file coords-v2.cif (mmCIF, C-alpha atoms)
data_my_file
#
loop_
_atom_site.group_PDB
_atom_site.id
_atom_site.type_symbol
_atom_site.label_atom_id
_atom_site.label_comp_id
_atom_site.auth_asym_id
_atom_site.auth_seq_id
_atom_site.Cartn_x
_atom_site.Cartn_y
_atom_site.Cartn_z
ATOM 1 C CA MET I 19 136.987 50.130 141.780
ATOM 2 C CA HIS I 20 133.841 52.198 141.207
ATOM 3 C CA VAL I 21 134.575 55.684 139.841
ATOM 4 C CA PHE I 22 132.104 58.545 139.425
ATOM 5 C CA VAL I 23 133.138 60.843 136.543
ATOM 6 C CA THR I 24 131.536 64.245 136.018
ATOM 7 C CA GLY I 25 131.318 65.672 132.503
ATOM 8 C CA ALA I 26 131.679 62.067 131.347
ATOM 9 C CA ALA I 27 130.748 62.641 127.701
ATOM 10 C CA GLY I 28 133.240 65.479 127.245
ATOM 11 C CA PHE I 29 136.673 65.542 125.661
ATOM 12 C CA ILE I 30 139.073 64.573 128.448
ATOM 13 C CA ALA I 31 136.444 62.783 130.506
ATOM 14 C CA SER I 32 135.350 60.384 127.751
ATOM 15 C CA HIS I 33 138.962 59.288 127.283
ATOM 16 C CA THR I 34 139.307 58.882 131.049
ATOM 17 C CA VAL I 35 136.139 56.790 131.282
ATOM 18 C CA GLU I 36 137.347 54.549 128.474
ATOM 19 C CA ARG I 37 140.699 53.984 130.173
ATOM 20 C CA LEU I 38 139.032 53.124 133.485
ATOM 21 C CA LEU I 39 136.626 50.710 131.805
ATOM 22 C CA GLN I 40 139.418 49.066 129.823
ATOM 23 C CA ARG I 41 141.284 48.218 132.988
ATOM 24 C CA GLY I 42 138.170 46.715 134.591
ATOM 25 C CA ASP I 43 136.749 49.506 136.734
ATOM 26 C CA ARG I 44 133.069 50.261 137.021
ATOM 27 C CA VAL I 45 132.218 53.833 136.004
ATOM 28 C CA THR I 46 129.166 55.982 136.663
ATOM 29 C CA GLY I 47 129.062 59.262 134.752
ATOM 30 C CA ILE I 48 127.059 62.468 134.665
ATOM 31 C CA ASP I 49 126.851 65.026 131.874
ATOM 32 C CA ALA I 50 124.500 67.945 131.185
ATOM 33 C CA PHE I 51 125.075 67.894 127.391
ATOM 34 C CA ASP I 52 125.091 71.685 127.207
ATOM 35 C CA PHE I 53 127.486 74.626 126.803
ATOM 36 C CA GLY I 54 130.607 74.766 124.723
ATOM 37 C CA TYR I 55 129.739 72.873 121.562
ATOM 38 C CA ASP I 56 127.199 70.845 119.592
ATOM 39 C CA PRO I 57 125.587 68.269 121.919
ATOM 40 C CA ALA I 58 125.665 65.789 119.022
ATOM 41 C CA LEU I 59 129.421 65.479 119.507
ATOM 42 C CA LYS I 60 128.917 64.531 123.131
ATOM 43 C CA GLU I 61 126.150 62.128 122.101
ATOM 44 C CA ALA I 62 128.686 60.326 119.903
ATOM 45 C CA ASN I 63 131.041 60.000 122.871
ATOM 46 C CA ALA I 64 128.202 58.779 125.078
ATOM 47 C CA LYS I 65 127.172 56.170 122.517
ATOM 48 C CA ARG I 66 130.729 54.833 122.420
ATOM 49 C CA LEU I 67 130.871 54.583 126.213
ATOM 50 C CA ALA I 68 127.422 52.985 126.471
ATOM 51 C CA ALA I 69 128.779 49.916 124.667
ATOM 52 C CA HIS I 70 130.569 49.003 127.914
ATOM 53 C CA GLU I 71 128.435 47.002 130.345
ATOM 54 C CA ASN I 72 130.179 48.546 133.361
ATOM 55 C CA PHE I 73 129.234 52.114 132.433
ATOM 56 C CA THR I 74 126.138 53.998 133.609
ATOM 57 C CA LEU I 75 125.352 57.545 132.465
ATOM 58 C CA TYR I 76 123.077 60.059 134.170
ATOM 59 C CA ARG I 77 121.955 63.073 132.175
ATOM 60 C CA GLY I 78 121.866 66.064 134.456
ATOM 61 C CA ASP I 79 123.590 69.005 136.087
ATOM 62 C CA ILE I 80 126.224 68.808 138.798
ATOM 63 C CA ARG I 81 124.401 71.656 140.564
ATOM 64 C CA ASP I 82 121.340 69.398 141.007
ATOM 65 C CA LYS I 83 121.609 68.429 144.653
ATOM 66 C CA ALA I 84 118.795 65.857 144.524
ATOM 67 C CA LEU I 85 120.303 64.129 141.497
ATOM 68 C CA LEU I 86 123.742 63.911 143.091
ATOM 69 C CA GLU I 87 122.198 62.436 146.227
ATOM 70 C CA GLN I 88 120.307 59.912 144.113
ATOM 71 C CA ILE I 89 123.476 58.849 142.301
ATOM 72 C CA PHE I 90 125.594 58.557 145.426
ATOM 73 C CA ASP I 91 122.901 56.727 147.374
ATOM 74 C CA ALA I 92 122.170 54.248 144.575
ATOM 75 C CA ASP I 93 125.680 52.797 144.640
ATOM 76 C CA ARG I 94 128.334 54.792 146.431
ATOM 77 C CA PRO I 95 131.483 55.194 144.303
ATOM 78 C CA ASP I 96 134.977 54.815 145.723
ATOM 79 C CA VAL I 97 136.333 57.979 144.128
ATOM 80 C CA VAL I 98 135.009 61.005 142.230
ATOM 81 C CA VAL I 99 136.805 62.333 139.144
ATOM 82 C CA HIS I 100 135.423 65.852 138.754
ATOM 83 C CA LEU I 101 136.032 66.958 135.153
ATOM 84 C CA ALA I 102 132.754 68.790 134.482
ATOM 85 C CA ALA I 103 133.067 72.556 134.066
ATOM 86 C CA ARG I 104 132.211 75.385 131.779
ATOM 87 C CA ALA I 105 135.523 75.702 129.957
ATOM 88 C CA GLY I 106 137.324 78.347 127.931
ATOM 89 C CA VAL I 107 139.095 81.600 128.754
ATOM 90 C CA ARG I 108 137.608 83.960 126.150
ATOM 91 C CA PRO I 109 133.913 82.970 126.614
ATOM 92 C CA SER I 110 134.312 83.505 130.355
ATOM 93 C CA LEU I 111 134.944 87.205 129.692
ATOM 94 C CA VAL I 112 131.545 87.429 128.001
ATOM 95 C CA ASP I 113 129.495 85.377 130.467
ATOM 96 C CA PRO I 114 131.355 85.226 133.801
ATOM 97 C CA THR I 115 128.200 84.580 135.833
ATOM 98 C CA SER I 116 127.569 81.160 134.315
ATOM 99 C CA TYR I 117 131.212 80.173 134.841
ATOM 100 C CA ILE I 118 131.048 81.133 138.494
ATOM 101 C CA ASP I 119 127.732 79.352 138.976
ATOM 102 C CA ILE I 120 128.558 76.101 137.172
ATOM 103 C CA ASN I 121 132.196 75.726 138.172
ATOM 104 C CA MET I 122 132.043 76.908 141.773
ATOM 105 C CA THR I 123 128.532 75.912 142.827
ATOM 106 C CA GLY I 124 128.831 72.573 141.032
ATOM 107 C CA THR I 125 132.109 71.704 142.754
ATOM 108 C CA THR I 126 130.700 72.663 146.151
ATOM 109 C CA ARG I 127 127.572 70.562 145.614
ATOM 110 C CA ILE I 128 129.702 67.523 144.845
ATOM 111 C CA LEU I 129 131.817 68.045 147.949
ATOM 112 C CA GLU I 130 128.693 68.490 150.088
ATOM 113 C CA ALA I 131 127.191 65.252 148.777
ATOM 114 C CA MET I 132 130.448 63.419 149.422
ATOM 115 C CA GLN I 133 130.735 64.836 152.936
ATOM 116 C CA ALA I 134 127.215 63.733 153.862
ATOM 117 C CA ARG I 135 128.120 60.153 152.943
ATOM 118 C CA ASP I 136 131.653 60.054 154.365
ATOM 119 C CA MET I 137 133.123 59.771 150.857
ATOM 120 C CA THR I 138 136.669 61.052 151.042
ATOM 121 C CA ARG I 139 138.394 60.758 147.652
ATOM 122 C CA MET I 140 138.249 63.108 144.680
ATOM 123 C CA VAL I 141 140.382 64.089 141.684
ATOM 124 C CA PHE I 142 139.647 67.665 140.577
ATOM 125 C CA ALA I 143 140.431 69.087 137.138
ATOM 126 C CA SER I 144 142.092 72.466 137.492
ATOM 127 C CA SER I 145 143.899 74.437 134.811
ATOM 128 C CA SER I 146 147.221 76.019 133.921
ATOM 129 C CA SER I 147 145.262 79.255 133.520
ATOM 130 C CA VAL I 148 145.457 79.769 137.296
ATOM 131 C CA TYR I 149 149.099 80.831 136.848
ATOM 132 C CA GLY I 150 148.024 84.072 135.181
ATOM 133 C CA SER I 151 150.153 86.151 132.825
ATOM 134 C CA ARG I 152 153.807 85.124 133.047
ATOM 135 C CA ASP I 153 156.736 85.154 130.658
ATOM 136 C CA GLN I 154 159.126 82.852 132.510
ATOM 137 C CA GLY I 155 158.863 79.186 133.308
ATOM 138 C CA PRO I 156 158.570 76.426 134.107
ATOM 139 C CA PHE I 157 155.486 76.970 136.262
ATOM 140 C CA ARG I 158 155.704 75.222 139.617
ATOM 141 C CA GLU I 159 152.909 74.336 142.004
ATOM 142 C CA THR I 160 154.483 76.577 144.666
ATOM 143 C CA ASP I 161 154.314 79.688 142.420
ATOM 144 C CA ASP I 162 152.082 82.636 143.306
ATOM 145 C CA VAL I 163 148.655 82.248 141.674
ATOM 146 C CA SER I 164 146.907 85.169 143.346
ATOM 147 C CA ILE I 165 146.039 87.065 140.146
ATOM 148 C CA PRO I 166 144.081 84.987 137.610
ATOM 149 C CA VAL I 167 143.504 86.923 134.383
ATOM 150 C CA SER I 168 140.108 85.503 133.382
ATOM 151 C CA PRO I 169 136.905 84.502 135.178
ATOM 152 C CA TYR I 170 137.499 80.916 134.050
ATOM 153 C CA ALA I 171 140.930 80.891 135.701
ATOM 154 C CA ALA I 172 139.464 82.445 138.849
ATOM 155 C CA THR I 173 136.840 79.687 139.098
ATOM 156 C CA LYS I 174 139.486 76.990 138.770
ATOM 157 C CA ARG I 175 141.609 78.562 141.494
ATOM 158 C CA ALA I 176 138.489 78.888 143.642
ATOM 159 C CA GLY I 177 137.806 75.191 143.086
ATOM 160 C CA GLU I 178 141.271 74.337 144.373
ATOM 161 C CA LEU I 179 140.654 76.436 147.491
ATOM 162 C CA ILE I 180 137.244 74.850 148.125
ATOM 163 C CA CYS I 181 138.888 71.431 147.918
ATOM 164 C CA ALA I 182 141.571 72.590 150.375
ATOM 165 C CA THR I 183 138.850 73.681 152.794
ATOM 166 C CA TRP I 184 137.118 70.288 152.612
ATOM 167 C CA ASN I 185 140.424 68.557 153.224
ATOM 168 C CA HIS I 186 141.007 70.719 156.299
ATOM 169 C CA LEU I 187 137.500 70.325 157.712
ATOM 170 C CA TYR I 188 136.563 66.784 156.710
ATOM 171 C CA GLY I 189 139.771 65.026 155.658
ATOM 172 C CA THR I 190 138.768 64.717 152.011
ATOM 173 C CA HIS I 191 141.614 63.434 149.831
ATOM 174 C CA THR I 192 141.620 65.715 146.783
ATOM 175 C CA THR I 193 144.256 65.799 144.085
ATOM 176 C CA CYS I 194 143.891 68.977 142.017
ATOM 177 C CA LEU I 195 145.418 68.462 138.582
ATOM 178 C CA ARG I 196 146.403 71.568 136.633
ATOM 179 C CA PHE I 197 145.985 70.602 132.964
ATOM 180 C CA PHE I 198 148.188 72.331 130.378
ATOM 181 C CA THR I 199 146.586 72.916 126.929
ATOM 182 C CA VAL I 200 145.187 69.459 126.284
ATOM 183 C CA TYR I 201 144.596 68.369 122.682
ATOM 184 C CA GLY I 202 143.777 65.201 120.780
ATOM 185 C CA PRO I 203 140.845 63.218 119.353
ATOM 186 C CA ARG I 204 137.404 64.504 120.452
ATOM 187 C CA GLN I 205 138.784 67.965 121.257
ATOM 188 C CA ARG I 206 136.144 70.686 121.337
ATOM 189 C CA PRO I 207 135.701 72.298 117.892
ATOM 190 C CA GLU I 208 136.372 75.857 119.078
ATOM 191 C CA MET I 209 139.773 74.974 120.526
ATOM 192 C CA ALA I 210 142.730 76.249 118.510
ATOM 193 C CA ILE I 211 144.197 72.979 117.258
ATOM 194 C CA HIS I 212 140.821 71.614 116.161
ATOM 195 C CA LEU I 213 139.823 74.904 114.543
ATOM 196 C CA PHE I 214 143.167 75.391 112.795
ATOM 197 C CA ALA I 215 143.372 71.824 111.494
ATOM 198 C CA ASP I 216 139.843 71.909 110.129
ATOM 199 C CA ARG I 217 140.305 75.222 108.329
ATOM 200 C CA ILE I 218 143.765 74.403 106.967
ATOM 201 C CA ARG I 219 142.577 71.135 105.421
ATOM 202 C CA ARG I 220 139.713 73.056 103.751
ATOM 203 C CA GLY I 221 142.119 75.641 102.357
ATOM 204 C CA GLN I 222 140.578 78.390 104.493
ATOM 205 C CA GLU I 223 142.328 81.225 106.318
ATOM 206 C CA ILE I 224 143.108 80.897 109.998
ATOM 207 C CA THR I 225 143.442 83.763 112.469
ATOM 208 C CA MET I 226 146.633 83.996 114.508
ATOM 209 C CA PHE I 227 146.274 86.336 117.460
ATOM 210 C CA GLY I 228 149.546 88.095 118.245
ATOM 211 C CA ASP I 229 152.891 87.755 116.473
ATOM 212 C CA GLY I 230 153.127 83.983 116.890
ATOM 213 C CA SER I 231 155.638 84.101 119.733
ATOM 214 C CA SER I 232 153.227 83.051 122.492
ATOM 215 C CA LEU I 233 154.159 79.704 124.046
ATOM 216 C CA ARG I 234 151.863 76.867 125.099
ATOM 217 C CA ASP I 235 152.687 73.542 126.726
ATOM 218 C CA TYR I 236 150.525 71.420 124.395
ATOM 219 C CA THR I 237 149.783 68.074 126.069
ATOM 220 C CA PHE I 238 148.277 65.046 124.328
ATOM 221 C CA VAL I 239 145.117 63.699 125.892
ATOM 222 C CA SER I 240 146.428 60.168 126.506
ATOM 223 C CA ASP I 241 149.274 61.611 128.596
ATOM 224 C CA ILE I 242 146.763 63.620 130.629
ATOM 225 C CA VAL I 243 144.667 60.489 131.175
ATOM 226 C CA ASP I 244 147.771 58.691 132.471
ATOM 227 C CA GLY I 245 148.018 61.330 135.190
ATOM 228 C CA VAL I 246 144.312 61.311 136.008
ATOM 229 C CA VAL I 247 144.177 57.544 136.418
ATOM 230 C CA ALA I 248 147.329 57.564 138.549
ATOM 231 C CA ALA I 249 145.654 60.151 140.798
ATOM 232 C CA VAL I 250 142.545 57.959 141.029
ATOM 233 C CA ASP I 251 144.692 55.163 142.429
ATOM 234 C CA ARG I 252 146.636 57.247 144.969
ATOM 235 C CA PRO I 253 144.922 59.102 147.819
ATOM 236 C CA LEU I 254 147.422 61.822 148.695
ATOM 237 C CA GLY I 255 145.572 64.053 151.139
ATOM 238 C CA TYR I 256 145.374 67.467 149.468
ATOM 239 C CA GLU I 257 147.784 68.074 146.603
ATOM 240 C CA ILE I 258 148.048 70.355 143.581
ATOM 241 C CA ILE I 259 149.931 68.760 140.681
ATOM 242 C CA ASN I 260 150.750 70.002 137.183
ATOM 243 C CA LEU I 261 150.043 67.722 134.225
ATOM 244 C CA GLY I 262 151.778 69.039 131.117
ATOM 245 C CA ASN I 263 154.234 68.095 128.397
ATOM 246 C CA ASN I 264 157.085 70.155 129.893
ATOM 247 C CA THR I 265 157.887 71.372 126.354
ATOM 248 C CA PRO I 266 156.292 74.691 125.336
ATOM 249 C CA ASN I 267 155.928 75.470 121.628
ATOM 250 C CA ARG I 268 155.483 78.794 119.841
ATOM 251 C CA LEU I 269 152.110 79.475 118.259
ATOM 252 C CA ASP I 270 153.621 79.974 114.805
ATOM 253 C CA ASP I 271 155.498 76.677 115.148
ATOM 254 C CA LEU I 272 152.266 74.960 116.177
ATOM 255 C CA ILE I 273 150.518 76.283 113.064
ATOM 256 C CA ALA I 274 153.365 75.077 110.868
ATOM 257 C CA ALA I 275 153.220 71.629 112.515
ATOM 258 C CA ILE I 276 149.461 71.426 111.964
ATOM 259 C CA GLY I 277 150.054 72.278 108.321
ATOM 260 C CA GLU I 278 152.595 69.448 108.131
ATOM 261 C CA ALA I 279 150.175 67.006 109.772
ATOM 262 C CA VAL I 280 147.372 68.058 107.417
ATOM 263 C CA GLY I 281 149.578 68.201 104.336
ATOM 264 C CA LYS I 282 148.654 71.764 103.368
ATOM 265 C CA ALA I 283 150.300 75.157 103.854
ATOM 266 C CA PRO I 284 148.394 77.361 106.323
ATOM 267 C CA ILE I 285 146.932 80.665 105.124
ATOM 268 C CA ILE I 286 147.310 83.032 108.080
ATOM 269 C CA THR I 287 145.635 86.309 109.019
ATOM 270 C CA GLN I 288 147.302 88.060 111.962
ATOM 271 C CA LEU I 289 145.325 90.041 114.544
ATOM 272 C CA PRO I 290 146.284 91.583 117.931
ATOM 273 C CA ASP I 291 146.397 89.546 121.130
ATOM 274 C CA GLN I 292 143.037 88.861 122.754
ATOM 275 C CA PRO I 293 142.012 89.870 126.305
ATOM 276 C CA GLY I 294 142.657 87.030 128.732
ATOM 277 C CA ASP I 295 145.435 85.501 126.622
ATOM 278 C CA VAL I 296 148.769 84.899 128.354
ATOM 279 C CA PRO I 297 152.257 84.921 126.799
ATOM 280 C CA MET I 298 153.238 81.460 127.958
ATOM 281 C CA THR I 299 152.368 78.239 129.726
ATOM 282 C CA PHE I 300 155.142 75.853 130.741
ATOM 283 C CA ALA I 301 154.597 73.003 133.183
ATOM 284 C CA SER I 302 157.117 71.755 135.660
ATOM 285 C CA VAL I 303 156.203 68.074 136.019
ATOM 286 C CA GLU I 304 158.705 67.098 138.672
ATOM 287 C CA LYS I 305 155.999 66.769 141.318
ATOM 288 C CA ALA I 306 153.836 64.709 138.950
ATOM 289 C CA LYS I 307 156.750 62.387 138.284
ATOM 290 C CA ARG I 308 157.415 61.984 142.003
ATOM 291 C CA LEU I 309 153.844 61.469 143.195
ATOM 292 C CA LEU I 310 152.136 59.958 140.135
ATOM 293 C CA ASP I 311 155.003 58.423 138.116
ATOM 294 C CA PHE I 312 153.847 60.774 135.361
ATOM 295 C CA GLU I 313 155.939 60.806 132.195
ATOM 296 C CA PRO I 314 154.488 62.568 129.121
ATOM 297 C CA SER I 315 155.500 60.633 126.030
ATOM 298 C CA THR I 316 153.727 62.111 122.979
ATOM 299 C CA PRO I 317 155.713 64.615 120.871
ATOM 300 C CA LEU I 318 153.651 67.434 119.388
ATOM 301 C CA LEU I 319 153.850 66.369 115.727
ATOM 302 C CA GLU I 320 152.945 62.772 116.566
ATOM 303 C CA GLY I 321 149.952 63.933 118.595
ATOM 304 C CA LEU I 322 148.845 66.277 115.826
ATOM 305 C CA LYS I 323 148.989 63.474 113.270
ATOM 306 C CA GLN I 324 146.805 61.310 115.513
ATOM 307 C CA PHE I 325 144.344 64.166 115.890
ATOM 308 C CA VAL I 326 144.180 64.869 112.158
ATOM 309 C CA ALA I 327 143.619 61.169 111.444
ATOM 310 C CA TRP I 328 140.697 61.189 113.896
ATOM 311 C CA LEU I 329 139.332 64.413 112.385
ATOM 312 C CA ASP I 330 139.444 63.034 108.850
ATOM 313 C CA GLU I 331 137.734 59.811 109.908
ATOM 314 C CA ASN I 332 134.995 61.340 112.048
ATOM 315 C CA HIS I 333 134.464 64.782 110.499
ATOM 316 C CA PRO I 334 135.604 64.584 106.877
ATOM 317 C CA ALA I 335 136.035 67.856 104.995
ATOM 318 C CA THR I 336 133.464 68.362 102.256
#
call {"tool": "encode", "arguments": {"input": "coords-v2.cif", "output": "structure tokens"}}
result
Amino acid sequence: MHVFVTGAAGFIASHTVERLLQRGDRVTGIDAFDFGYDPALKEANAKRLAAHENFTLYRGDIRDKALLEQIFDADRPDVVVHLAARAGVRPSLVDPTSYIDINMTGTTRILEAMQARDMTRMVFASSSSVYGSRDQGPFRETDDVSIPVSPYAATKRAGELICATWNHLYGTHTTCLRFFTVYGPRQRPEMAIHLFADRIRRGQEITMFGDGSSLRDYTFVSDIVDGVVAAVDRPLGYEIINLGNNTPNRLDDLIAAIGEAVGKAPIITQLPDQPGDVPMTFASVEKAKRLLDFEPSTPLLEGLKQFVAWLDENHPAT
């Protein structure tokens, strides 16, 4: 199978590309190497992927219509895995315009290029943030998602709706996967687990927003990749499917577990909740089990230990 992966040098995407290559697929990727974090970290991911003879990387923007046409015309892929996006809830409050432009225009450009070439299969990375501010779970795909609480969440919900429109008009098979708080090796440095682990191992204070009672369904990256690859293999028409661990953990418990994985006691400064934060995420994965045979298998502490081992090896504290 030939798979086109957007955002290929990023966190989740680089793991996905590796899995596809390991099983014998051919992969073409695109990445703009901007926004979010130091491009050198993406360069390291790209270098690792370039060692595979069945991988080709284009450096460019998913909003570049001519480039997308060039890629699709050169060797038409069987399926698109669309993981590229400007990510993060809090930064989207500061710069909503770029989120709307990159996430919504980019997704539409990909769908337009596919439509023009009768390409009909895509996996789209959505987010648990579309569920908005809720204090009861688990979150099910049939729940009301009409009030996103951040521009980032709004762009992900808009992406799902654009994919639904293309399915209705052109029969595009699109599986929209709602990721729940993904963590693991290669995680972006500004994400909580990476930031906390790095500061705790250096003996530095960490900032806990709120009283520690907020709940997140932390999901290890290899479990997420299981779901993505299963979706690649199964054209389902148009579906929205949660991918999560189905086991939410309190923020204060997460911090304690990171301290255990690092081997140091956290030093915590508490501040009020931040705008855009939600009290809980909690994935129902019954639909994922039924349609994708999805079964998350990595307990939080085990995943944290794997992440800390990667962090120490690749970014040693000095």
call {"tool": "residues_near_point", "arguments": {"input": "coords-v2.cif", "point": "(155.6, 72.6, 123.8)", "cutoff": "7 Å", "atoms": "all atoms listed in the file", "output": "short mmCIF file (atom, residue, chain, number, x, y, z; two decimals) with C-alpha atoms, keeping the file's coordinate frame"}}
result
data_model
loop_
_atom_site.label_atom_id
_atom_site.label_comp_id
_atom_site.auth_asym_id
_atom_site.auth_seq_id
_atom_site.Cartn_x
_atom_site.Cartn_y
_atom_site.Cartn_z
CA ARG I 234 151.86 76.87 125.10
CA ASP I 235 152.69 73.54 126.73
CA TYR I 236 150.52 71.42 124.40
CA ASN I 263 154.23 68.10 128.40
CA ASN I 264 157.08 70.16 129.89
CA THR I 265 157.89 71.37 126.35
CA PRO I 266 156.29 74.69 125.34
CA ASN I 267 155.93 75.47 121.63
#
call {"tool": "atom_distance", "arguments": {"input": "coords-v2.cif", "atom1": "atom CA of I:Ser144", "atom2": "atom CA of I:Ile80"}}
result
16.3 Å
call {"tool": "resolve_selection", "arguments": {"input": "coords-v2.cif", "expression": "the PyMOL selection byres ((chain I and resi 198-212) around 7)", "output": "PDB file with C-alpha atoms, in the coordinates of the input"}}
result
ATOM      1  CA  PHE I  29     136.673  65.542 125.661  1.00  0.00           C
ATOM      2  CA  TYR I  55     129.739  72.873 121.562  1.00  0.00           C
ATOM      3  CA  SER I 145     143.899  74.437 134.811  1.00  0.00           C
ATOM      4  CA  SER I 146     147.221  76.019 133.921  1.00  0.00           C
ATOM      5  CA  ARG I 196     146.403  71.568 136.633  1.00  0.00           C
ATOM      6  CA  PHE I 197     145.985  70.602 132.964  1.00  0.00           C
ATOM      7  CA  LEU I 213     139.823  74.904 114.543  1.00  0.00           C
ATOM      8  CA  PHE I 214     143.167  75.391 112.795  1.00  0.00           C
ATOM      9  CA  ALA I 215     143.372  71.824 111.494  1.00  0.00           C
ATOM     10  CA  ASP I 216     139.843  71.909 110.129  1.00  0.00           C
ATOM     11  CA  ARG I 234     151.863  76.867 125.099  1.00  0.00           C
ATOM     12  CA  ASP I 235     152.687  73.542 126.726  1.00  0.00           C
ATOM     13  CA  TYR I 236     150.525  71.420 124.395  1.00  0.00           C
ATOM     14  CA  THR I 237     149.783  68.074 126.069  1.00  0.00           C
ATOM     15  CA  PHE I 238     148.277  65.046 124.328  1.00  0.00           C
ATOM     16  CA  VAL I 239     145.117  63.699 125.892  1.00  0.00           C
ATOM     17  CA  LEU I 261     150.043  67.722 134.225  1.00  0.00           C
ATOM     18  CA  GLY I 262     151.778  69.039 131.117  1.00  0.00           C
ATOM     19  CA  GLY I 321     149.952  63.933 118.595  1.00  0.00           C
ATOM     20  CA  PHE I 325     144.344  64.166 115.890  1.00  0.00           C
ATOM     21  CA  TRP I 328     140.697  61.189 113.896  1.00  0.00           C
TER      22      TRP I 328
END
call {"tool": "resolve_selection", "arguments": {"input": "coords-v2.cif", "expression": "the PyMOL selection byres ((chain I and resi 244) around 10)", "output": "list in words"}}
result
Thr34, Arg37, Val239, Ser240, Asp241, Ile242, Val243, Gly245, Val246, Val247, Ala248, Ala249, Leu261, Leu310, Asp311, Phe312, Glu313 and Pro314 of chain I
call {"tool": "resolve_selection", "arguments": {"input": "coords-v2.cif", "expression": "the PyMOL selection byres ((chain I and resi 147) around 12)", "output": "JSON, numbers by chain"}}
result
{"I": [105, 106, 107, 108, 143, 144, 145, 146, 148, 149, 150, 151, 152, 157, 163, 164, 165, 166, 167, 168, 169, 170, 171, 172, 173, 174, 175, 195, 196, 197, 198, 199, 234, 235, 260, 294, 295, 296, 297, 298, 299, 300, 301]}
call {"tool": "residues_around", "arguments": {"input": "coords-v2.cif", "residues": "I:Ala274", "least_positions_apart": "6", "cutoff": "12 Å", "atoms": "all atoms listed in the file", "output": "VMD selection string"}}
result
chain I and resid 211 214 to 215 218 224 226 230 267 to 268 280 to 286 318 to 319 322
call {"tool": "atom_distance", "arguments": {"input": "coords-v2.cif", "atom1": "atom CA of I:Asn121", "atom2": "atom CA of I:Leu101"}}
result
10.0 Å
call {"tool": "residues_around", "arguments": {"input": "coords-v2.cif", "residues": "I:Thr24", "least_positions_apart": "6", "cutoff": "10 Å", "atoms": "only C-alpha atoms", "output": "list in words"}}
result
Ala31, Ser32, Val35, Thr46, Gly47, Ile48, Asp49, Ala50, Leu75, Tyr76, Gly78, Asp79, Ile80, Val98, Val99, His100, Leu101, Ala102, Ala103, Ile128 and Phe142 of chain I
call {"tool": "atom_distance", "arguments": {"input": "coords-v2.cif", "atom1": "atom CA of I:Glu159", "atom2": "atom CA of I:Asp96"}}
result
26.8 Å
call {"tool": "closest_residue", "arguments": {"input": "coords-v2.cif", "among": "I:Glu331, I:Glu36, I:Asp82, I:Asp229", "to": "I:Thr123", "atoms": "all atoms listed in the file"}}
result
I:Asp82
call {"tool": "residues_near_point", "arguments": {"input": "coords-v2.cif", "point": "(132.0, 61.6, 154.3)", "cutoff": "12 Å", "atoms": "only C-alpha atoms", "output": "count of residues only"}}
result
25
call {"tool": "residues_around", "arguments": {"input": "coords-v2.cif", "residues": "I:Ser116", "least_positions_apart": "3", "cutoff": "10 Å", "atoms": "all atoms listed in the file", "output": "list in words"}}
result
Phe53, Arg104, Ser110, Val112, Asp113, Asp119, Ile120, Asn121, Met122, Pro169 and Tyr170 of chain I
call {"tool": "closest_residue", "arguments": {"input": "coords-v2.cif", "among": "I:Gly221, I:Pro57, I:Gly124, I:Gly277", "to": "I:Ile180", "atoms": "all atoms listed in the file"}}
result
I:Gly124
call {"tool": "closest_residue", "arguments": {"input": "coords-v2.cif", "among": "I:Phe22, I:Phe51, I:Tyr117, I:Phe227", "to": "I:Phe73", "atoms": "all atoms listed in the file"}}
result
I:Phe22
call {"tool": "closest_residue", "arguments": {"input": "coords-v2.cif", "among": "I:Ile118, I:Arg127, I:Ala69, I:Ala64", "to": "I:Glu87", "atoms": "all atoms listed in the file"}}
result
I:Arg127
